[in-house]
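Shown below: entry-v7.cif, with mmCIF, C-alpha atoms.
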data_target
loop_
_atom_site.label_atom_id
_atom_site.label_comp_id
_atom_site.auth_asym_id
_atom_site.auth_seq_id
_atom_site.Cartn_x
_atom_site.Cartn_y
_atom_site.Cartn_z
CA MET A 182 64.45 -42.61 40.88
CA ALA A 183 67.14 -43.91 43.21
CA LEU A 184 67.38 -47.16 45.16
CA VAL A 185 68.16 -46.65 48.83
CA THR A 186 69.32 -48.73 51.79
CA GLY A 187 67.87 -48.09 55.22
CA PRO A 188 65.74 -45.10 54.18
CA LEU A 189 65.30 -42.47 56.93
CA LEU A 190 67.24 -44.73 59.32
CA SER A 191 64.52 -47.40 59.06
CA LEU A 192 63.82 -50.64 57.24
CA ASP A 193 61.13 -49.05 55.08
CA ALA A 194 59.73 -45.59 54.33
CA ARG A 195 56.78 -44.49 52.20
CA GLY A 196 55.25 -41.12 51.32
CA GLN A 197 56.55 -37.58 50.80
CA VAL A 198 58.86 -35.55 53.00
CA ALA A 199 58.78 -31.74 53.18
CA GLY A 200 56.95 -31.53 49.87
CA ALA A 201 60.22 -32.32 48.09
CA ILE A 202 60.95 -36.06 47.94
CA VAL A 203 58.89 -39.25 47.93
CA PHE A 204 59.87 -42.60 49.43
CA GLY A 205 58.28 -45.74 48.03
CA ASN A 206 58.82 -49.33 46.95
CA TRP A 207 59.62 -50.71 43.50
CA LYS A 208 59.83 -54.47 42.92
CA GLY A 209 60.47 -54.99 46.60
CA ARG A 210 63.27 -52.43 46.79
CA PRO A 211 62.96 -49.13 48.68
CA THR A 212 63.22 -46.08 46.41
CA VAL A 213 63.34 -42.30 46.65
CA ARG A 214 62.47 -39.73 44.00
CA LYS A 215 61.71 -36.05 43.59
CA LEU A 216 58.09 -35.05 44.22
CA VAL A 217 56.44 -34.24 40.87
CA ARG A 218 53.30 -32.12 40.94
CA PRO A 219 50.94 -32.61 37.96
CA SER A 220 50.68 -29.53 35.79
CA ASN A 221 47.29 -28.07 34.82
CA PRO A 222 48.10 -24.75 33.18
CA GLN A 223 45.37 -22.12 33.22
CA THR A 224 46.72 -19.67 30.65
CA GLY A 225 44.28 -17.77 28.47
CA ALA A 226 45.32 -19.68 25.35
CA GLN A 227 44.72 -23.04 27.03
CA ASP A 228 41.39 -21.93 28.49
CA GLY A 229 40.28 -20.79 25.03
CA GLN A 230 41.29 -24.15 23.57
CA ARG A 231 39.37 -25.98 26.30
CA ALA A 232 36.29 -23.91 25.53
CA GLY A 233 36.47 -25.03 21.90
CA VAL A 234 36.96 -28.70 22.81
CA GLN A 235 34.08 -28.60 25.29
CA PHE A 236 31.66 -27.01 22.84
CA LEU A 237 32.51 -29.43 20.05
CA SER A 238 32.30 -32.54 22.20
CA GLN A 239 28.94 -31.51 23.68
CA ALA A 240 27.49 -30.42 20.33
CA TRP A 241 28.25 -33.70 18.51
CA ALA A 242 25.30 -35.59 20.01
CA ALA A 243 22.72 -33.20 18.53
CA ILE A 244 24.19 -33.15 14.99
CA SER A 245 21.97 -34.99 12.50
CA ALA A 246 22.93 -38.47 11.34
CA ALA A 247 23.18 -37.13 7.78
CA ASN A 248 25.75 -34.51 8.77
CA LYS A 249 27.68 -36.99 10.91
CA ALA A 250 27.93 -39.32 7.90
CA LEU A 251 29.57 -36.55 5.87
CA TRP A 252 32.69 -36.88 8.05
CA GLN A 253 33.27 -40.45 6.87
CA ASP A 254 35.70 -39.60 4.03
CA LEU A 255 37.97 -37.64 6.38
CA ALA A 256 37.64 -40.41 8.96
CA ASP A 257 38.75 -42.99 6.38
CA GLU A 258 41.75 -40.85 5.41
CA GLY A 259 42.87 -40.56 9.01
CA LYS A 260 41.83 -44.11 9.94
CA TYR A 261 39.74 -42.94 12.86
CA SER A 262 36.08 -42.37 13.78
CA THR A 263 33.77 -39.76 12.31
CA PHE A 264 33.73 -38.04 15.71
CA ASN A 265 37.52 -37.78 15.72
CA ALA A 266 37.48 -36.46 12.14
CA TYR A 267 34.95 -33.79 13.19
CA MET A 268 37.02 -32.83 16.23
CA ALA A 269 40.35 -32.68 14.36
CA TYR A 270 38.93 -30.62 11.48
CA ASN A 271 37.17 -28.12 13.72
CA LEU A 272 40.05 -27.77 16.17
CA ASP A 273 42.27 -26.88 13.22
CA ARG A 274 39.76 -24.13 12.44
CA TRP A 275 39.65 -23.07 16.09
CA VAL A 276 43.44 -22.63 16.20
CA GLN A 277 42.86 -19.88 13.61
CA PHE A 278 39.95 -18.53 15.72
CA THR A 279 37.53 -19.60 12.98
CA ASP A 280 34.12 -20.91 13.97
CA PRO A 281 33.32 -24.64 13.68
CA VAL A 282 31.06 -26.41 11.18
CA GLN A 283 28.64 -29.32 11.50
CA SER A 284 30.00 -31.02 8.39
CA PRO A 285 33.00 -30.45 6.09
CA VAL A 286 30.75 -29.76 3.09
CA ILE A 287 27.88 -27.84 4.68
CA ALA A 288 26.90 -24.45 3.25
CA VAL A 289 28.13 -21.49 5.28
CA GLY A 290 24.56 -20.48 5.97
CA THR A 291 23.34 -17.29 7.59
CA ALA A 292 24.61 -16.08 10.94
CA PRO A 293 22.04 -15.19 13.60
CA VAL A 294 21.10 -11.65 14.50
CA MET A 295 22.17 -10.94 18.07
CA GLY A 296 19.96 -8.84 20.34
CA ALA A 297 20.46 -7.51 23.86
CA LEU A 298 23.22 -8.97 26.04
CA THR A 299 22.67 -8.95 29.81
CA VAL A 300 25.39 -9.93 32.29
CA THR A 301 25.13 -10.09 36.07
CA GLY A 302 28.06 -10.45 38.43
CA GLY A 303 27.87 -12.48 41.63
CA VAL A 304 30.15 -14.24 44.05
CA ARG A 305 32.87 -15.70 41.84
CA GLN A 306 30.47 -15.99 38.90
CA ILE A 307 28.91 -14.18 35.95
CA SER A 308 25.43 -14.96 34.59
CA ILE A 309 25.00 -14.32 30.85
CA SER A 310 21.75 -13.93 28.91
CA GLN A 311 21.94 -13.25 25.17
CA VAL A 312 18.75 -12.51 23.22
CA ILE A 313 18.68 -13.85 19.65
CA THR A 314 16.61 -11.51 17.47
CA THR A 315 16.68 -13.73 14.38
CA VAL A 316 17.87 -17.33 14.63
CA ASN A 317 18.63 -18.06 10.94
CA ASP A 318 21.10 -21.02 10.90
CA MET A 319 22.45 -20.46 14.41
CA TRP A 320 24.41 -23.29 16.02
CA GLY A 321 26.00 -21.61 19.03
CA MET A 322 27.83 -18.65 20.52
CA TRP A 323 31.09 -17.84 22.23
CA ILE A 324 31.43 -15.91 25.49
CA SER A 325 34.51 -13.75 25.95
CA SER A 326 35.55 -11.65 28.93
CA SER A 327 38.35 -9.33 29.98
CA LEU A 328 39.31 -7.03 32.83
CA THR A 329 40.17 -4.42 30.17
CA THR A 330 37.40 -2.22 28.84
CA GLY A 331 37.07 -1.86 25.08
CA PHE A 332 38.91 -5.15 24.43
CA THR A 333 38.85 -6.92 21.08
CA PRO A 334 38.24 -10.63 21.82
CA ALA A 335 40.90 -13.16 20.92
CA LYS A 336 40.74 -16.93 21.37
CA SER A 337 42.65 -16.50 24.64
CA ASP A 338 39.72 -14.44 26.00
CA VAL A 339 37.06 -17.06 25.24
CA ASP A 340 35.63 -18.56 28.42
CA ALA A 341 32.95 -20.88 27.05
CA GLY A 342 30.72 -21.83 24.17
CA ALA A 343 26.97 -22.28 24.36
CA ILE A 344 24.79 -24.41 22.08
CA TYR A 345 21.69 -22.64 20.78
CA THR A 346 18.41 -24.25 21.88
CA ALA A 347 16.19 -21.20 22.50
CA SER A 348 16.36 -17.46 22.99
CA PRO A 349 17.77 -16.12 25.19
CA VAL A 350 20.92 -18.22 25.27
CA THR A 351 22.05 -18.42 28.89
CA ARG A 352 25.24 -19.52 30.60
CA VAL A 353 26.85 -19.09 34.01
CA LEU A 354 30.63 -18.69 34.24
CA THR A 355 31.95 -19.93 37.59
CA GLY A 356 35.29 -19.62 39.36
CA VAL A 357 35.67 -16.02 38.16
CA ALA A 358 38.17 -13.84 40.00
CA PRO A 359 36.74 -10.77 41.78
CA GLY A 360 36.85 -7.57 39.74
CA THR A 361 35.07 -5.56 37.08
CA TRP A 362 34.66 -7.76 34.02
CA TYR A 363 33.71 -6.76 30.47
CA VAL A 364 31.80 -9.45 28.59
CA ARG A 365 31.06 -9.89 24.87
CA THR A 366 29.43 -12.66 22.81
CA ARG A 367 29.60 -13.82 19.19
CA GLY A 368 27.11 -16.11 17.44
CA PHE A 369 27.81 -18.50 14.58
CA SER A 370 25.91 -20.69 12.14
CA THR A 371 26.04 -24.44 11.49
CA GLY A 372 28.35 -23.66 8.56
CA GLY A 373 30.69 -21.32 10.44
CA ALA A 374 29.24 -17.90 9.50
CA SER A 375 30.02 -15.48 12.34
CA THR A 376 28.31 -12.43 13.75
CA ALA A 377 30.20 -9.38 14.96
CA TRP A 378 31.06 -9.36 18.65
CA VAL A 379 28.22 -7.88 20.68
CA THR A 380 28.99 -4.60 22.48
CA GLN A 381 30.57 -5.25 25.88
CA GLN A 382 28.49 -5.33 29.04
CA VAL A 383 29.85 -4.95 32.57
CA ALA A 384 29.68 -7.44 35.45
CA VAL A 385 31.13 -6.78 38.91
CA VAL A 386 32.28 -10.03 40.52
CA THR A 387 32.86 -10.28 44.27
#
Could you take the file, read its structure, and then write that structure out as structure tokens?
Amino acid sequence: MALVTGPLLSLDARGQVAGAIVFGNWKGRPTVRKLVRPSNPQTGAQDGQRAGVQFLSQAWAAISAANKALWQDLADEGKYSTFNAYMAYNLDRWVQFTDPVQSPVIAVGTAPVMGALTVTGGVRQISISQVITTVNDMWGMWISSSLTTGFTPAKSDVDAGAIYTASPVTRVLTGVAPGTWYVRTRGFSTGGASTAWVTQQVAVVT
């Protein structure tokens, strides 16, 4: 940031010029600086990370009080809340593309049995409906998509998570670029037991 005298041949100037510099005022002195545009990267890796954060933050409210209390020891070690302990622990797992758990000591449990996956493309969106044949200890599922047929999902392909409440599990992905998309899902239990990825289904987005 630079101090200026008589900015733009005037006594005072404020705002941006040509999308490059910004005039303003700091402690009563006119200033000029480079225009800085906030960054909001939309890479696959960052989108996958956001999907994990969103699922975990939304799922916390429905976790039983007993399971929430089991995060207390980790919370005490880190000197933060049980919620922050749960988030930190599970995001460490998510970095390795490992499914989350409702408590650090919960049994792995039994993954659900996934049934038919139906996907429908629309205008900039994909509607997903995943039948759950046998619920077992199901907690949620991941939705992954690619423009490449036959893809093997990675964390960078994960678009969203969905909390299990009833079968079928439904979700609508919005802001999807036009094209032919291949979609797969994977279920997981409260203790992090995973299903295989369901066979891809095709959605044409306009």
- Task: Spell out the residues picked by the PyMOL selection byres ((chain A and resi 292) around 8) here, as a PyMOL selection string.
- Result: chain A and resi 290-291+293-294+316-319+368-370+374-376
- Atomic separation - atom CA of A:Val364 relative to atom CA of A:Leu328, Å: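 It comes out at 9.0 Å.
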- Residue neighbourhood A:Tyr267, 9 Å, only C-alpha atoms, exclusion window fewer than 3 positions, as a ChimeraX atom specification: /A:237,241,249,252,255-256,262-264,270-272,282-285
- Query: What is the atom CA of A:Asp340-atom CA of A:Ile287 distance in Å, reported with one decimal?
  - Reply: 26.6 Å
- In Å to one decimal, how far is atom CA of A:Thr315 from atom CA of A:Tyr345?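 Atom CA of A:Thr315 lies 12.1 Å from atom CA of A:Tyr345.
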Your completed stretch 338-357 of chain A with N, CA and C atoms, as a PDB file, in the frame of the given file:
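Dumped everything to out.pdb:
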ATOM      1  N   ASP A 338      40.716 -15.069  25.135  1.00  0.00           N
ATOM      2  CA  ASP A 338      39.720 -14.440  26.000  1.00  0.00           C
ATOM      3  C   ASP A 338      38.432 -15.263  26.093  1.00  0.00           C
ATOM      4  N   VAL A 339      38.304 -16.304  25.280  1.00  0.00           N
ATOM      5  CA  VAL A 339      37.060 -17.060  25.240  1.00  0.00           C
ATOM      6  C   VAL A 339      36.947 -17.960  26.471  1.00  0.00           C
ATOM      7  N   ASP A 340      35.851 -17.792  27.197  1.00  0.00           N
ATOM      8  CA  ASP A 340      35.630 -18.560  28.420  1.00  0.00           C
ATOM      9  C   ASP A 340      34.813 -19.817  28.177  1.00  0.00           C
ATOM     10  N   ALA A 341      33.855 -19.739  27.251  1.00  0.00           N
ATOM     11  CA  ALA A 341      32.950 -20.880  27.050  1.00  0.00           C
ATOM     12  C   ALA A 341      32.194 -20.712  25.750  1.00  0.00           C
ATOM     13  N   GLY A 342      31.663 -21.830  25.282  1.00  0.00           N
ATOM     14  CA  GLY A 342      30.720 -21.830  24.170  1.00  0.00           C
ATOM     15  C   GLY A 342      29.360 -22.243  24.702  1.00  0.00           C
ATOM     16  N   ALA A 343      28.321 -21.891  23.973  1.00  0.00           N
ATOM     17  CA  ALA A 343      26.970 -22.280  24.360  1.00  0.00           C
ATOM     18  C   ALA A 343      26.211 -22.725  23.123  1.00  0.00           C
ATOM     19  N   ILE A 344      25.568 -23.879  23.188  1.00  0.00           N
ATOM     20  CA  ILE A 344      24.790 -24.410  22.080  1.00  0.00           C
ATOM     21  C   ILE A 344      23.418 -23.728  22.059  1.00  0.00           C
ATOM     22  N   TYR A 345      22.996 -23.291  20.877  1.00  0.00           N
ATOM     23  CA  TYR A 345      21.690 -22.640  20.780  1.00  0.00           C
ATOM     24  C   TYR A 345      20.575 -23.679  20.887  1.00  0.00           C
ATOM     25  N   THR A 346      19.633 -23.434  21.801  1.00  0.00           N
ATOM     26  CA  THR A 346      18.410 -24.250  21.880  1.00  0.00           C
ATOM     27  C   THR A 346      17.180 -23.353  21.870  1.00  0.00           C
ATOM     28  N   ALA A 347      17.303 -22.159  22.450  1.00  0.00           N
ATOM     29  CA  ALA A 347      16.190 -21.200  22.500  1.00  0.00           C
ATOM     30  C   ALA A 347      16.763 -19.851  22.876  1.00  0.00           C
ATOM     31  N   SER A 348      15.965 -18.815  22.597  1.00  0.00           N
ATOM     32  CA  SER A 348      16.360 -17.460  22.990  1.00  0.00           C
ATOM     33  C   SER A 348      15.639 -17.076  24.282  1.00  0.00           C
ATOM     34  N   PRO A 349      16.359 -16.487  25.239  1.00  0.00           N
ATOM     35  CA  PRO A 349      17.770 -16.120  25.190  1.00  0.00           C
ATOM     36  C   PRO A 349      18.675 -17.321  25.454  1.00  0.00           C
ATOM     37  N   VAL A 350      19.903 -17.237  24.954  1.00  0.00           N
ATOM     38  CA  VAL A 350      20.920 -18.220  25.270  1.00  0.00           C
ATOM     39  C   VAL A 350      21.544 -17.823  26.607  1.00  0.00           C
ATOM     40  N   THR A 351      21.556 -18.746  27.553  1.00  0.00           N
ATOM     41  CA  THR A 351      22.050 -18.420  28.890  1.00  0.00           C
ATOM     42  C   THR A 351      23.236 -19.320  29.262  1.00  0.00           C
ATOM     43  N   ARG A 352      24.074 -18.778  30.117  1.00  0.00           N
ATOM     44  CA  ARG A 352      25.240 -19.520  30.600  1.00  0.00           C
ATOM     45  C   ARG A 352      25.723 -18.856  31.871  1.00  0.00           C
ATOM     46  N   VAL A 353      26.249 -19.631  32.801  1.00  0.00           N
ATOM     47  CA  VAL A 353      26.850 -19.090  34.010  1.00  0.00           C
ATOM     48  C   VAL A 353      28.323 -19.469  34.032  1.00  0.00           C
ATOM     49  N   LEU A 354      29.193 -18.458  34.102  1.00  0.00           N
ATOM     50  CA  LEU A 354      30.630 -18.690  34.240  1.00  0.00           C
ATOM     51  C   LEU A 354      30.939 -18.747  35.735  1.00  0.00           C
ATOM     52  N   THR A 355      31.620 -19.786  36.174  1.00  0.00           N
ATOM     53  CA  THR A 355      31.950 -19.930  37.590  1.00  0.00           C
ATOM     54  C   THR A 355      33.466 -19.867  37.790  1.00  0.00           C
ATOM     55  N   GLY A 356      33.868 -19.697  39.042  1.00  0.00           N
ATOM     56  CA  GLY A 356      35.290 -19.620  39.360  1.00  0.00           C
ATOM     57  C   GLY A 356      35.941 -18.358  38.842  1.00  0.00           C
ATOM     58  N   VAL A 357      35.160 -17.287  38.695  1.00  0.00           N
ATOM     59  CA  VAL A 357      35.670 -16.020  38.160  1.00  0.00           C
ATOM     60  C   VAL A 357      36.315 -15.208  39.272  1.00  0.00           C
TER      61      VAL A 357
END
